[in-house]
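K.L.:
The following file, data-v9.csv, comprises CSV, N, CA and C atoms:
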chain,number,residue,atom,x,y,z
N,1,MET,N,-17.8,4.0,18.0
N,1,MET,CA,-17.2,5.0,18.9
N,1,MET,C,-16.3,5.9,18.1
N,2,ALA,N,-16.5,7.2,18.1
N,2,ALA,CA,-15.6,8.1,17.4
N,2,ALA,C,-14.3,8.2,18.0
N,3,ARG,N,-13.3,8.2,17.2
N,3,ARG,CA,-11.9,8.4,17.6
N,3,ARG,C,-11.4,9.7,17.2
N,4,THR,N,-10.3,10.2,17.8
N,4,THR,CA,-9.6,11.4,17.4
N,4,THR,C,-9.0,11.2,16.0
N,5,LYS,N,-9.2,12.2,15.2
N,5,LYS,CA,-8.7,12.1,13.8
N,5,LYS,C,-7.3,12.8,13.8
N,6,PHE,N,-6.6,12.4,12.7
N,6,PHE,CA,-5.3,12.9,12.4
N,6,PHE,C,-5.1,13.0,10.9
N,7,PRO,N,-4.2,13.9,10.4
N,7,PRO,CA,-4.1,14.0,9.0
N,7,PRO,C,-3.2,12.9,8.4
N,8,VAL,N,-3.6,12.5,7.2
N,8,VAL,CA,-2.9,11.5,6.4
N,8,VAL,C,-2.7,12.0,5.0
N,9,GLU,N,-1.5,11.8,4.5
N,9,GLU,CA,-1.2,12.1,3.1
N,9,GLU,C,-0.7,10.8,2.5
N,10,VAL,N,-1.2,10.5,1.3
N,10,VAL,CA,-0.7,9.4,0.5
N,10,VAL,C,-0.2,10.0,-0.8
N,11,LEU,N,1.1,9.8,-1.0
N,11,LEU,CA,1.8,10.3,-2.2
N,11,LEU,C,2.4,9.2,-3.0
N,12,THR,N,2.4,9.4,-4.3
N,12,THR,CA,3.0,8.5,-5.3
N,12,THR,C,3.9,9.4,-6.1
N,13,PRO,N,4.8,8.8,-7.0
N,13,PRO,CA,5.6,9.6,-7.8
N,13,PRO,C,4.8,10.6,-8.7
N,14,GLU,N,3.5,10.2,-9.0
N,14,GLU,CA,2.6,11.0,-9.8
N,14,GLU,C,2.0,12.2,-9.1
N,15,GLY,N,2.0,12.1,-7.7
N,15,GLY,CA,1.5,13.2,-6.9
N,15,GLY,C,0.6,12.7,-5.8
N,16,GLU,N,-0.2,13.6,-5.2
N,16,GLU,CA,-1.0,13.3,-4.1
N,16,GLU,C,-2.2,12.5,-4.5
N,17,VAL,N,-2.5,11.4,-3.7
N,17,VAL,CA,-3.6,10.5,-4.0
N,17,VAL,C,-4.7,10.7,-2.9
N,18,PHE,N,-4.3,11.1,-1.7
N,18,PHE,CA,-5.2,11.2,-0.6
N,18,PHE,C,-4.6,12.2,0.4
N,19,SER,N,-5.5,13.1,0.9
N,19,SER,CA,-5.0,14.1,2.0
N,19,SER,C,-6.3,14.5,2.7
N,20,GLU,N,-6.5,13.8,3.9
N,20,GLU,CA,-7.6,14.0,4.7
N,20,GLU,C,-7.3,13.6,6.2
N,21,GLU,N,-8.2,14.0,7.1
N,21,GLU,CA,-8.1,13.5,8.4
N,21,GLU,C,-8.8,12.1,8.5
N,22,VAL,N,-8.2,11.2,9.2
N,22,VAL,CA,-8.9,9.9,9.4
N,22,VAL,C,-8.8,9.5,10.9
N,23,GLU,N,-9.5,8.5,11.3
N,23,GLU,CA,-9.5,7.9,12.6
N,23,GLU,C,-8.4,6.9,12.8
N,24,MET,N,-8.1,6.1,11.7
N,24,MET,CA,-7.2,5.1,11.7
N,24,MET,C,-6.6,4.8,10.3
N,25,LEU,N,-5.4,4.3,10.3
N,25,LEU,CA,-4.7,3.9,9.1
N,25,LEU,C,-4.3,2.4,9.3
N,26,SER,N,-4.5,1.6,8.3
N,26,SER,CA,-4.1,0.2,8.4
N,26,SER,C,-3.4,-0.3,7.2
N,27,THR,N,-2.2,-0.9,7.4
N,27,THR,CA,-1.4,-1.4,6.2
N,27,THR,C,-0.5,-2.5,6.7
N,28,VAL,N,0.4,-2.9,5.8
N,28,VAL,CA,1.4,-4.0,6.2
N,28,VAL,C,2.8,-3.5,5.9
N,29,THR,N,3.6,-3.6,6.9
N,29,THR,CA,5.0,-3.3,6.8
N,29,THR,C,5.8,-4.5,6.6
N,30,THR,N,7.1,-4.4,6.4
N,30,THR,CA,8.0,-5.6,6.2
N,30,THR,C,8.0,-6.5,7.4
N,31,VAL,N,7.6,-6.0,8.6
N,31,VAL,CA,7.6,-6.8,9.8
N,31,VAL,C,6.2,-7.2,10.2
N,32,GLY,N,5.2,-6.8,9.5
N,32,GLY,CA,3.8,-7.3,9.8
N,32,GLY,C,2.8,-6.2,9.7
N,33,SER,N,1.6,-6.5,10.0
N,33,SER,CA,0.4,-5.6,9.9
N,33,SER,C,0.5,-4.5,11.0
N,34,ILE,N,0.0,-3.3,10.7
N,34,ILE,CA,0.0,-2.2,11.6
N,34,ILE,C,-1.2,-1.4,11.5
N,35,GLY,N,-1.7,-0.9,12.6
N,35,GLY,CA,-2.8,0.0,12.6
N,35,GLY,C,-2.3,1.3,13.4
N,36,ILE,N,-2.6,2.4,12.8
N,36,ILE,CA,-2.1,3.7,13.4
N,36,ILE,C,-3.3,4.5,13.8
N,37,LEU,N,-3.3,4.9,15.1
N,37,LEU,CA,-4.3,5.8,15.6
N,37,LEU,C,-3.7,7.2,15.9
N,38,ALA,N,-4.5,8.2,16.2
N,38,ALA,CA,-3.9,9.5,16.6
N,38,ALA,C,-3.0,9.3,17.8
N,39,ARG,N,-2.0,10.2,17.8
N,39,ARG,CA,-1.0,10.2,18.9
N,39,ARG,C,-0.1,9.0,19.0
N,40,HIS,N,0.0,8.2,17.9
N,40,HIS,CA,0.9,7.1,17.9
N,40,HIS,C,2.3,7.5,18.1
N,41,GLU,N,3.1,6.7,18.6
N,41,GLU,CA,4.6,7.0,18.7
N,41,GLU,C,5.2,7.2,17.3
N,42,PRO,N,6.2,8.1,17.2
N,42,PRO,CA,6.8,8.3,15.9
N,42,PRO,C,7.3,6.9,15.3
N,43,LEU,N,7.2,6.9,14.0
N,43,LEU,CA,7.5,5.6,13.4
N,43,LEU,C,8.0,5.8,11.9
N,44,LEU,N,8.9,5.0,11.5
N,44,LEU,CA,9.3,5.0,10.1
N,44,LEU,C,9.3,3.5,9.7
N,45,ALA,N,8.6,3.1,8.7
N,45,ALA,CA,8.5,1.7,8.3
N,45,ALA,C,8.5,1.5,6.8
N,46,MET,N,9.0,0.4,6.4
N,46,MET,CA,9.0,0.0,5.0
N,46,MET,C,7.7,-0.7,4.8
N,47,LEU,N,7.0,-0.4,3.6
N,47,LEU,CA,5.7,-1.0,3.4
N,47,LEU,C,5.8,-2.1,2.3
N,48,GLU,N,5.0,-3.1,2.4
N,48,GLU,CA,4.8,-4.2,1.5
N,48,GLU,C,3.6,-3.9,0.6
N,49,PRO,N,3.5,-4.5,-0.6
N,49,PRO,CA,2.3,-4.4,-1.4
N,49,PRO,C,1.1,-5.0,-0.6
N,50,THR,N,0.0,-4.3,-0.5
N,50,THR,CA,-1.1,-4.8,0.2
N,50,THR,C,-2.3,-3.9,0.0
N,51,GLU,N,-3.3,-4.0,0.8
N,51,GLU,CA,-4.4,-3.1,0.8
N,51,GLU,C,-4.2,-2.0,1.9
N,52,LEU,N,-4.2,-0.8,1.5
N,52,LEU,CA,-4.1,0.3,2.5
N,52,LEU,C,-5.6,0.7,2.8
N,53,ARG,N,-5.9,0.8,4.1
N,53,ARG,CA,-7.2,1.2,4.5
N,53,ARG,C,-7.1,2.4,5.4
N,54,LEU,N,-7.9,3.4,5.0
N,54,LEU,CA,-8.0,4.7,5.7
N,54,LEU,C,-9.4,4.9,6.3
N,55,TYR,N,-9.5,4.8,7.6
N,55,TYR,CA,-10.8,4.8,8.2
N,55,TYR,C,-11.2,6.2,8.5
N,56,ARG,N,-12.2,6.8,7.8
N,56,ARG,CA,-12.8,8.1,8.1
N,56,ARG,C,-13.6,7.9,9.3
N,57,SER,N,-14.3,6.8,9.5
N,57,SER,CA,-15.1,6.4,10.6
N,57,SER,C,-15.1,4.9,10.7
N,58,ASP,N,-15.9,4.3,11.6
N,58,ASP,CA,-16.0,2.9,11.7
N,58,ASP,C,-16.6,2.3,10.5
N,59,THR,N,-17.5,3.0,9.8
N,59,THR,CA,-18.2,2.5,8.7
N,59,THR,C,-17.8,3.1,7.3
N,60,GLU,N,-17.0,4.1,7.3
N,60,GLU,CA,-16.5,4.7,6.0
N,60,GLU,C,-15.0,4.5,5.9
N,61,ILE,N,-14.6,3.6,5.0
N,61,ILE,CA,-13.2,3.2,4.8
N,61,ILE,C,-12.8,3.5,3.3
N,62,VAL,N,-11.7,4.2,3.2
N,62,VAL,CA,-11.1,4.5,1.9
N,62,VAL,C,-10.1,3.4,1.7
N,63,ARG,N,-10.2,2.7,0.5
N,63,ARG,CA,-9.2,1.6,0.3
N,63,ARG,C,-8.4,1.9,-1.0
N,64,PHE,N,-7.1,1.4,-0.9
N,64,PHE,CA,-6.2,1.5,-2.1
N,64,PHE,C,-5.4,0.2,-2.1
N,65,ALA,N,-5.1,-0.2,-3.4
N,65,ALA,CA,-4.1,-1.2,-3.6
N,65,ALA,C,-2.8,-0.5,-3.5
N,66,GLN,N,-2.0,-0.8,-2.5
N,66,GLN,CA,-0.7,-0.1,-2.2
N,66,GLN,C,0.5,-0.9,-2.7
N,67,ALA,N,1.4,-0.2,-3.4
N,67,ALA,CA,2.7,-0.9,-3.8
N,67,ALA,C,3.7,-0.7,-2.6
N,68,GLU,N,4.9,-1.0,-2.9
N,68,GLU,CA,6.0,-0.8,-1.9
N,68,GLU,C,6.2,0.6,-1.6
N,69,GLY,N,6.7,0.9,-0.4
N,69,GLY,CA,7.0,2.3,-0.1
N,69,GLY,C,7.3,2.4,1.4
N,70,TYR,N,7.0,3.6,1.9
N,70,TYR,CA,7.3,3.9,3.3
N,70,TYR,C,6.2,4.6,4.0
N,71,LEU,N,6.1,4.4,5.3
N,71,LEU,CA,5.2,5.1,6.2
N,71,LEU,C,6.0,5.8,7.2
N,72,GLN,N,5.7,7.1,7.4
N,72,GLN,CA,6.3,7.9,8.4
N,72,GLN,C,5.1,8.5,9.3
N,73,PHE,N,5.3,8.3,10.6
N,73,PHE,CA,4.3,9.0,11.5
N,73,PHE,C,5.1,9.8,12.5
N,74,ALA,N,4.8,11.1,12.5
N,74,ALA,CA,5.5,12.0,13.4
N,74,ALA,C,4.6,13.2,13.6
N,75,ASP,N,4.7,13.8,14.8
N,75,ASP,CA,3.9,15.0,15.1
N,75,ASP,C,2.4,14.8,14.8
N,76,ASN,N,1.9,13.6,15.1
N,76,ASN,CA,0.5,13.3,14.9
N,76,ASN,C,0.1,13.4,13.4
N,77,HIS,N,1.0,13.1,12.5
N,77,HIS,CA,0.7,13.2,11.1
N,77,HIS,C,1.3,12.0,10.4
N,78,ALA,N,0.5,11.4,9.5
N,78,ALA,CA,1.0,10.2,8.7
N,78,ALA,C,1.3,10.6,7.3
N,79,LEU,N,2.4,10.1,6.8
N,79,LEU,CA,2.8,10.3,5.4
N,79,LEU,C,3.1,8.9,4.9
N,80,VAL,N,2.4,8.6,3.8
N,80,VAL,CA,2.5,7.3,3.1
N,80,VAL,C,3.1,7.6,1.8
N,81,LEU,N,4.3,7.2,1.5
N,81,LEU,CA,5.0,7.4,0.2
N,81,LEU,C,5.1,6.0,-0.4
N,82,VAL,N,4.4,5.8,-1.5
N,82,VAL,CA,4.3,4.5,-2.2
N,82,VAL,C,4.5,4.7,-3.7
N,83,GLU,N,5.0,3.6,-4.3
N,83,GLU,CA,5.1,3.6,-5.8
N,83,GLU,C,3.8,3.8,-6.5
N,84,GLU,N,2.7,3.1,-5.9
N,84,GLU,CA,1.4,3.2,-6.5
N,84,GLU,C,0.4,3.1,-5.4
N,85,ALA,N,-0.8,3.8,-5.6
N,85,ALA,CA,-1.9,3.7,-4.7
N,85,ALA,C,-3.1,3.8,-5.6
N,86,VAL,N,-3.8,2.6,-5.8
N,86,VAL,CA,-4.9,2.6,-6.8
N,86,VAL,C,-6.2,2.2,-6.1
N,87,PRO,N,-7.3,2.9,-6.3
N,87,PRO,CA,-8.6,2.5,-5.8
N,87,PRO,C,-8.9,1.1,-6.4
N,88,PRO,N,-9.5,0.3,-5.6
N,88,PRO,CA,-9.9,-1.1,-6.1
N,88,PRO,C,-10.7,-1.1,-7.4
N,89,GLU,N,-11.6,-0.2,-7.5
N,89,GLU,CA,-12.5,-0.1,-8.7
N,89,GLU,C,-11.7,0.2,-10.0
N,90,GLN,N,-10.5,0.7,-9.9
N,90,GLN,CA,-9.7,1.1,-11.0
N,90,GLN,C,-8.7,0.0,-11.4
N,91,LEU,N,-8.7,-1.1,-10.7
N,91,LEU,CA,-7.8,-2.2,-11.0
N,91,LEU,C,-8.3,-3.1,-12.1
N,92,ASP,N,-7.5,-3.4,-13.0
N,92,ASP,CA,-7.8,-4.3,-14.2
N,92,ASP,C,-7.3,-5.7,-13.9
N,93,ARG,N,-8.2,-6.6,-13.5
N,93,ARG,CA,-7.9,-8.0,-13.1
N,93,ARG,C,-7.1,-8.7,-14.3
N,94,GLU,N,-7.6,-8.5,-15.5
N,94,GLU,CA,-7.1,-9.2,-16.6
N,94,GLU,C,-5.6,-8.8,-16.8
N,95,LEU,N,-5.4,-7.5,-16.8
N,95,LEU,CA,-4.0,-7.0,-17.0
N,95,LEU,C,-3.1,-7.4,-15.8
N,96,LEU,N,-3.6,-7.4,-14.6
N,96,LEU,CA,-2.8,-7.9,-13.5
N,96,LEU,C,-2.5,-9.4,-13.6
N,97,GLN,N,-3.4,-10.2,-14.1
N,97,GLN,CA,-3.1,-11.6,-14.3
N,97,GLN,C,-2.0,-11.8,-15.3
N,98,GLU,N,-2.1,-11.0,-16.4
N,98,GLU,CA,-1.1,-11.1,-17.4
N,98,GLU,C,0.3,-10.7,-16.9
N,99,LYS,N,0.3,-9.6,-16.1
N,99,LYS,CA,1.6,-9.1,-15.6
N,99,LYS,C,2.1,-10.1,-14.6
N,100,LEU,N,1.3,-10.8,-13.8
N,100,LEU,CA,1.7,-11.8,-12.9
N,100,LEU,C,2.3,-13.0,-13.6
N,101,SER,N,1.7,-13.4,-14.7
N,101,SER,CA,2.3,-14.5,-15.5
N,101,SER,C,3.6,-14.1,-16.0
N,102,GLU,N,3.8,-12.9,-16.5
N,102,GLU,CA,5.1,-12.4,-17.1
N,102,GLU,C,6.1,-12.4,-16.0
N,103,ALA,N,5.7,-11.9,-14.8
N,103,ALA,CA,6.7,-11.9,-13.7
N,103,ALA,C,7.1,-13.3,-13.2
N,104,ARG,N,6.2,-14.2,-13.2
N,104,ARG,CA,6.5,-15.6,-12.9
N,104,ARG,C,7.5,-16.2,-13.9
N,105,ALA,N,7.3,-15.9,-15.1
N,105,ALA,CA,8.2,-16.4,-16.2
N,105,ALA,C,9.6,-15.7,-16.0
N,106,ALA,N,9.6,-14.5,-15.7
N,106,ALA,CA,10.9,-13.7,-15.5
N,106,ALA,C,11.7,-14.3,-14.4
N,107,THR,N,11.0,-14.7,-13.3
N,107,THR,CA,11.7,-15.3,-12.1
N,107,THR,C,12.3,-16.6,-12.5
N,108,GLU,N,11.7,-17.4,-13.4
N,108,GLU,CA,12.2,-18.7,-13.8
N,108,GLU,C,13.4,-18.5,-14.7
N,109,ARG,N,13.4,-17.4,-15.5
N,109,ARG,CA,14.5,-17.2,-16.5
N,109,ARG,C,15.7,-16.6,-15.8
N,110,ALA,N,15.5,-15.7,-14.8
N,110,ALA,CA,16.6,-15.0,-14.2
N,110,ALA,C,17.4,-15.9,-13.2
N,111,ALA,N,18.7,-15.5,-13.1
N,111,ALA,CA,19.5,-16.2,-12.1
N,111,ALA,C,19.1,-15.8,-10.7
N,112,GLU,N,19.0,-16.8,-9.8
N,112,GLU,CA,18.6,-16.5,-8.4
N,112,GLU,C,19.6,-15.6,-7.8
N,113,GLY,N,19.1,-14.5,-7.1
N,113,GLY,CA,19.9,-13.6,-6.5
N,113,GLY,C,20.3,-12.4,-7.3
N,114,SER,N,20.0,-12.5,-8.6
N,114,SER,CA,20.3,-11.4,-9.5
N,114,SER,C,19.2,-10.2,-9.4
N,115,GLU,N,19.6,-9.1,-9.8
N,115,GLU,CA,18.7,-7.9,-9.7
N,115,GLU,C,17.4,-8.2,-10.5
N,116,GLU,N,17.6,-8.8,-11.7
N,116,GLU,CA,16.4,-9.2,-12.5
N,116,GLU,C,15.4,-10.1,-11.8
N,117,HIS,N,16.0,-11.1,-11.1
N,117,HIS,CA,15.2,-12.0,-10.3
N,117,HIS,C,14.5,-11.3,-9.2
N,118,GLU,N,15.2,-10.4,-8.4
N,118,GLU,CA,14.6,-9.7,-7.3
N,118,GLU,C,13.5,-8.8,-7.9
N,119,ARG,N,13.7,-8.1,-9.0
N,119,ARG,CA,12.7,-7.2,-9.6
N,119,ARG,C,11.4,-8.0,-10.0
N,120,ALA,N,11.6,-9.2,-10.5
N,120,ALA,CA,10.5,-10.0,-10.9
N,120,ALA,C,9.7,-10.5,-9.7
N,121,LEU,N,10.4,-10.8,-8.6
N,121,LEU,CA,9.8,-11.2,-7.4
N,121,LEU,C,8.9,-10.1,-6.8
N,122,ARG,N,9.5,-8.9,-6.8
N,122,ARG,CA,8.7,-7.7,-6.3
N,122,ARG,C,7.5,-7.5,-7.2
N,123,GLU,N,7.6,-7.7,-8.5
N,123,GLU,CA,6.4,-7.5,-9.4
N,123,GLU,C,5.4,-8.6,-9.1
N,124,MET,N,5.8,-9.8,-8.8
N,124,MET,CA,4.9,-10.9,-8.5
N,124,MET,C,4.1,-10.5,-7.2
N,125,ARG,N,4.8,-10.0,-6.2
N,125,ARG,CA,4.2,-9.7,-4.9
N,125,ARG,C,3.2,-8.5,-5.1
N,126,ARG,N,3.6,-7.6,-6.0
N,126,ARG,CA,2.7,-6.4,-6.2
N,126,ARG,C,1.4,-6.9,-6.9
N,127,CYS,N,1.6,-7.7,-8.0
N,127,CYS,CA,0.4,-8.2,-8.7
N,127,CYS,C,-0.5,-9.1,-7.8
N,128,GLU,N,0.1,-10.0,-7.0
N,128,GLU,CA,-0.7,-10.8,-6.2
N,128,GLU,C,-1.5,-10.0,-5.2
N,129,ALA,N,-0.8,-8.9,-4.6
N,129,ALA,CA,-1.5,-8.1,-3.6
N,129,ALA,C,-2.6,-7.3,-4.3
N,130,PHE,N,-2.4,-6.7,-5.5
N,130,PHE,CA,-3.4,-6.0,-6.2
N,130,PHE,C,-4.6,-6.8,-6.6
N,131,LEU,N,-4.3,-8.1,-7.0
N,131,LEU,CA,-5.4,-9.0,-7.3
N,131,LEU,C,-6.2,-9.3,-6.1
N,132,ALA,N,-5.6,-9.4,-4.9
N,132,ALA,CA,-6.3,-9.7,-3.7
N,132,ALA,C,-7.2,-8.5,-3.4
N,133,VAL,N,-6.8,-7.3,-3.6
N,133,VAL,CA,-7.6,-6.1,-3.3
N,133,VAL,C,-8.7,-6.0,-4.3
N,134,ALA,N,-8.4,-6.4,-5.5
N,134,ALA,CA,-9.5,-6.3,-6.6
N,134,ALA,C,-10.6,-7.3,-6.3
N,135,GLY,N,-10.3,-8.3,-5.5
N,135,GLY,CA,-11.4,-9.3,-5.1
N,135,GLY,C,-11.6,-10.4,-6.1
Before we go any further, please render this structure as structure tokens.

P.N.:
Amino acid sequence: MARTKFPVEVLTPEGEVFSEEVEMLSTVTTVGSIGILARHEPLLAMLEPTELRLYRSDTEIVRFAQAEGYLQFADNHALVLVEEAVPPEQLDRELLQEKLSEARAATERAAEGSEEHERALREMRRCEAFLAVAG
């Protein structure tokens, strides 16, 4: 069943990654999973590393490995601001495994509650999410 489309922009510090109309946006916020359809109530949410899915239709889905960021939905327009948005086919599993091992080691070395520890934990979550998207 065709749904009403709405514009979505996905931006990273490097620039625009995606800008099209979609039927639905699906991601994970700090409070749980969310699906956005046209005419959703205004929303501002913090995003967790996960798979971002943009549904052009029921059968055509654009996927990204999404890092931390924000989702804003207002005036029937979605803006996704994230540190990274990488198509699954561009993910390097070997490199991600290596970075995950480094992040785990960093969490063990750092004092709990320190900025270094928190940074390493964020990197672990990002690598784990990206590996899950890579399959």

K.L.:
Tell me which protein, DNA and RNA residues are within 6 Å of Gln66 in chain N, counting only N, CA and C atoms, leaving out same-chain ones fewer than 5 positions away, and put them as a VMD selection string.

P.N.:
chain N and resid 48 to 52 84 to 86

K.L.:
Show which residues sit within 12 Å of Glu60 in chain N, as a list in words. Count only C-alpha atoms, and ignore same-chain residues fewer than 6 positions away.

P.N.:
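Counting only C-alpha atoms, the residues come to Ala2, Val22, Glu23, Met24, Arg53 and Leu54 of chain N.
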
K.L.:
From the options N:Gly35, N:Pro88, N:Gly15, N:Gly135, which residue's atoms come nearest to Phe73 in chain N, counting only C-alpha atoms?

P.N.:
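Residue with the minimum atom-to-atom distance to Phe73 in chain N: N:Gly35.
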
K.L.:
Please provide as a list in words all residues within 12 Å of Arg125 in chain N, with the sequence filter that same-chain residues fewer than 5 positions apart are discarded (counting only C-alpha atoms).

P.N.:
Glu48, Pro49, Thr50, Ala65, Gln66, Ala67, Glu68, Leu96, Lys99, Leu100, Ser101, Ala103, Arg104, Thr107, Glu118, Arg119, Ala120, Phe130, Leu131 and Ala132 of chain N

K.L.:
As a ChimeraX atom specification, list the residues of range 46-82 of chain N assigned to strand (DSSP E) by DSSP on the backbone atoms of this structure.

P.N.:
/N:46-47,50-55,61-66,69-74,77-82

K.L.:
Write down as a PyMOL selection string the residues belonging to chain N that are assigned helix (DSSP H, G or I) by DSSP computed on the backbone.

P.N.:
chain N and resi 88-90+93-109+115-134

K.L.:
Based on the selection just made, write N, CA and C atoms of those residues as a CSV table (one decimal), in the frame of the given file.

P.N.:
chain,number,residue,atom,x,y,z
N,88,PRO,N,-9.5,0.3,-5.6
N,88,PRO,CA,-9.9,-1.1,-6.1
N,88,PRO,C,-10.7,-1.1,-7.4
N,89,GLU,N,-11.6,-0.2,-7.5
N,89,GLU,CA,-12.5,-0.1,-8.7
N,89,GLU,C,-11.7,0.2,-10.0
N,90,GLN,N,-10.5,0.7,-9.9
N,90,GLN,CA,-9.7,1.1,-11.0
N,90,GLN,C,-8.7,0.0,-11.4
N,93,ARG,N,-8.2,-6.6,-13.5
N,93,ARG,CA,-7.9,-8.0,-13.1
N,93,ARG,C,-7.1,-8.7,-14.3
N,94,GLU,N,-7.6,-8.5,-15.5
N,94,GLU,CA,-7.1,-9.2,-16.6
N,94,GLU,C,-5.6,-8.8,-16.8
N,95,LEU,N,-5.4,-7.5,-16.8
N,95,LEU,CA,-4.0,-7.0,-17.0
N,95,LEU,C,-3.1,-7.4,-15.8
N,96,LEU,N,-3.6,-7.4,-14.6
N,96,LEU,CA,-2.8,-7.9,-13.5
N,96,LEU,C,-2.5,-9.4,-13.6
N,97,GLN,N,-3.4,-10.2,-14.1
N,97,GLN,CA,-3.1,-11.6,-14.3
N,97,GLN,C,-2.0,-11.8,-15.3
N,98,GLU,N,-2.1,-11.0,-16.4
N,98,GLU,CA,-1.1,-11.1,-17.4
N,98,GLU,C,0.3,-10.7,-16.9
N,99,LYS,N,0.3,-9.6,-16.1
N,99,LYS,CA,1.6,-9.1,-15.6
N,99,LYS,C,2.1,-10.1,-14.6
N,100,LEU,N,1.3,-10.8,-13.8
N,100,LEU,CA,1.7,-11.8,-12.9
N,100,LEU,C,2.3,-13.0,-13.6
N,101,SER,N,1.7,-13.4,-14.7
N,101,SER,CA,2.3,-14.5,-15.5
N,101,SER,C,3.6,-14.1,-16.0
N,102,GLU,N,3.8,-12.9,-16.5
N,102,GLU,CA,5.1,-12.4,-17.1
N,102,GLU,C,6.1,-12.4,-16.0
N,103,ALA,N,5.7,-11.9,-14.8
N,103,ALA,CA,6.7,-11.9,-13.7
N,103,ALA,C,7.1,-13.3,-13.2
N,104,ARG,N,6.2,-14.2,-13.2
N,104,ARG,CA,6.5,-15.6,-12.9
N,104,ARG,C,7.5,-16.2,-13.9
N,105,ALA,N,7.3,-15.9,-15.1
N,105,ALA,CA,8.2,-16.4,-16.2
N,105,ALA,C,9.6,-15.7,-16.0
N,106,ALA,N,9.6,-14.5,-15.7
N,106,ALA,CA,10.9,-13.7,-15.5
N,106,ALA,C,11.7,-14.3,-14.4
N,107,THR,N,11.0,-14.7,-13.3
N,107,THR,CA,11.7,-15.3,-12.1
N,107,THR,C,12.3,-16.6,-12.5
N,108,GLU,N,11.7,-17.4,-13.4
N,108,GLU,CA,12.2,-18.7,-13.8
N,108,GLU,C,13.4,-18.5,-14.7
N,109,ARG,N,13.4,-17.4,-15.5
N,109,ARG,CA,14.5,-17.2,-16.5
N,109,ARG,C,15.7,-16.6,-15.8
N,115,GLU,N,19.6,-9.1,-9.8
N,115,GLU,CA,18.7,-7.9,-9.7
N,115,GLU,C,17.4,-8.2,-10.5
N,116,GLU,N,17.6,-8.8,-11.7
N,116,GLU,CA,16.4,-9.2,-12.5
N,116,GLU,C,15.4,-10.1,-11.8
N,117,HIS,N,16.0,-11.1,-11.1
N,117,HIS,CA,15.2,-12.0,-10.3
N,117,HIS,C,14.5,-11.3,-9.2
N,118,GLU,N,15.2,-10.4,-8.4
N,118,GLU,CA,14.6,-9.7,-7.3
N,118,GLU,C,13.5,-8.8,-7.9
N,119,ARG,N,13.7,-8.1,-9.0
N,119,ARG,CA,12.7,-7.2,-9.6
N,119,ARG,C,11.4,-8.0,-10.0
N,120,ALA,N,11.6,-9.2,-10.5
N,120,ALA,CA,10.5,-10.0,-10.9
N,120,ALA,C,9.7,-10.5,-9.7
N,121,LEU,N,10.4,-10.8,-8.6
N,121,LEU,CA,9.8,-11.2,-7.4
N,121,LEU,C,8.9,-10.1,-6.8
N,122,ARG,N,9.5,-8.9,-6.8
N,122,ARG,CA,8.7,-7.7,-6.3
N,122,ARG,C,7.5,-7.5,-7.2
N,123,GLU,N,7.6,-7.7,-8.5
N,123,GLU,CA,6.4,-7.5,-9.4
N,123,GLU,C,5.4,-8.6,-9.1
N,124,MET,N,5.8,-9.8,-8.8
N,124,MET,CA,4.9,-10.9,-8.5
N,124,MET,C,4.1,-10.5,-7.2
N,125,ARG,N,4.8,-10.0,-6.2
N,125,ARG,CA,4.2,-9.7,-4.9
N,125,ARG,C,3.2,-8.5,-5.1
N,126,ARG,N,3.6,-7.6,-6.0
N,126,ARG,CA,2.7,-6.4,-6.2
N,126,ARG,C,1.4,-6.9,-6.9
N,127,CYS,N,1.6,-7.7,-8.0
N,127,CYS,CA,0.4,-8.2,-8.7
N,127,CYS,C,-0.5,-9.1,-7.8
N,128,GLU,N,0.1,-10.0,-7.0
N,128,GLU,CA,-0.7,-10.8,-6.2
N,128,GLU,C,-1.5,-10.0,-5.2
N,129,ALA,N,-0.8,-8.9,-4.6
N,129,ALA,CA,-1.5,-8.1,-3.6
N,129,ALA,C,-2.6,-7.3,-4.3
N,130,PHE,N,-2.4,-6.7,-5.5
N,130,PHE,CA,-3.4,-6.0,-6.2
N,130,PHE,C,-4.6,-6.8,-6.6
N,131,LEU,N,-4.3,-8.1,-7.0
N,131,LEU,CA,-5.4,-9.0,-7.3
N,131,LEU,C,-6.2,-9.3,-6.1
N,132,ALA,N,-5.6,-9.4,-4.9
N,132,ALA,CA,-6.3,-9.7,-3.7
N,132,ALA,C,-7.2,-8.5,-3.4
N,133,VAL,N,-6.8,-7.3,-3.6
N,133,VAL,CA,-7.6,-6.1,-3.3
N,133,VAL,C,-8.7,-6.0,-4.3
N,134,ALA,N,-8.4,-6.4,-5.5
N,134,ALA,CA,-9.5,-6.3,-6.6
N,134,ALA,C,-10.6,-7.3,-6.3

K.L.:
Give the answer as one residue: which of N:Ala110, N:Ile36, N:Cys127, N:Leu121 has the shortest atom-to-atom distance to Leu95 in chain N, using all atoms listed in the file?

P.N.:
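Selected residue with least distance to Leu95 in chain N: N:Cys127.
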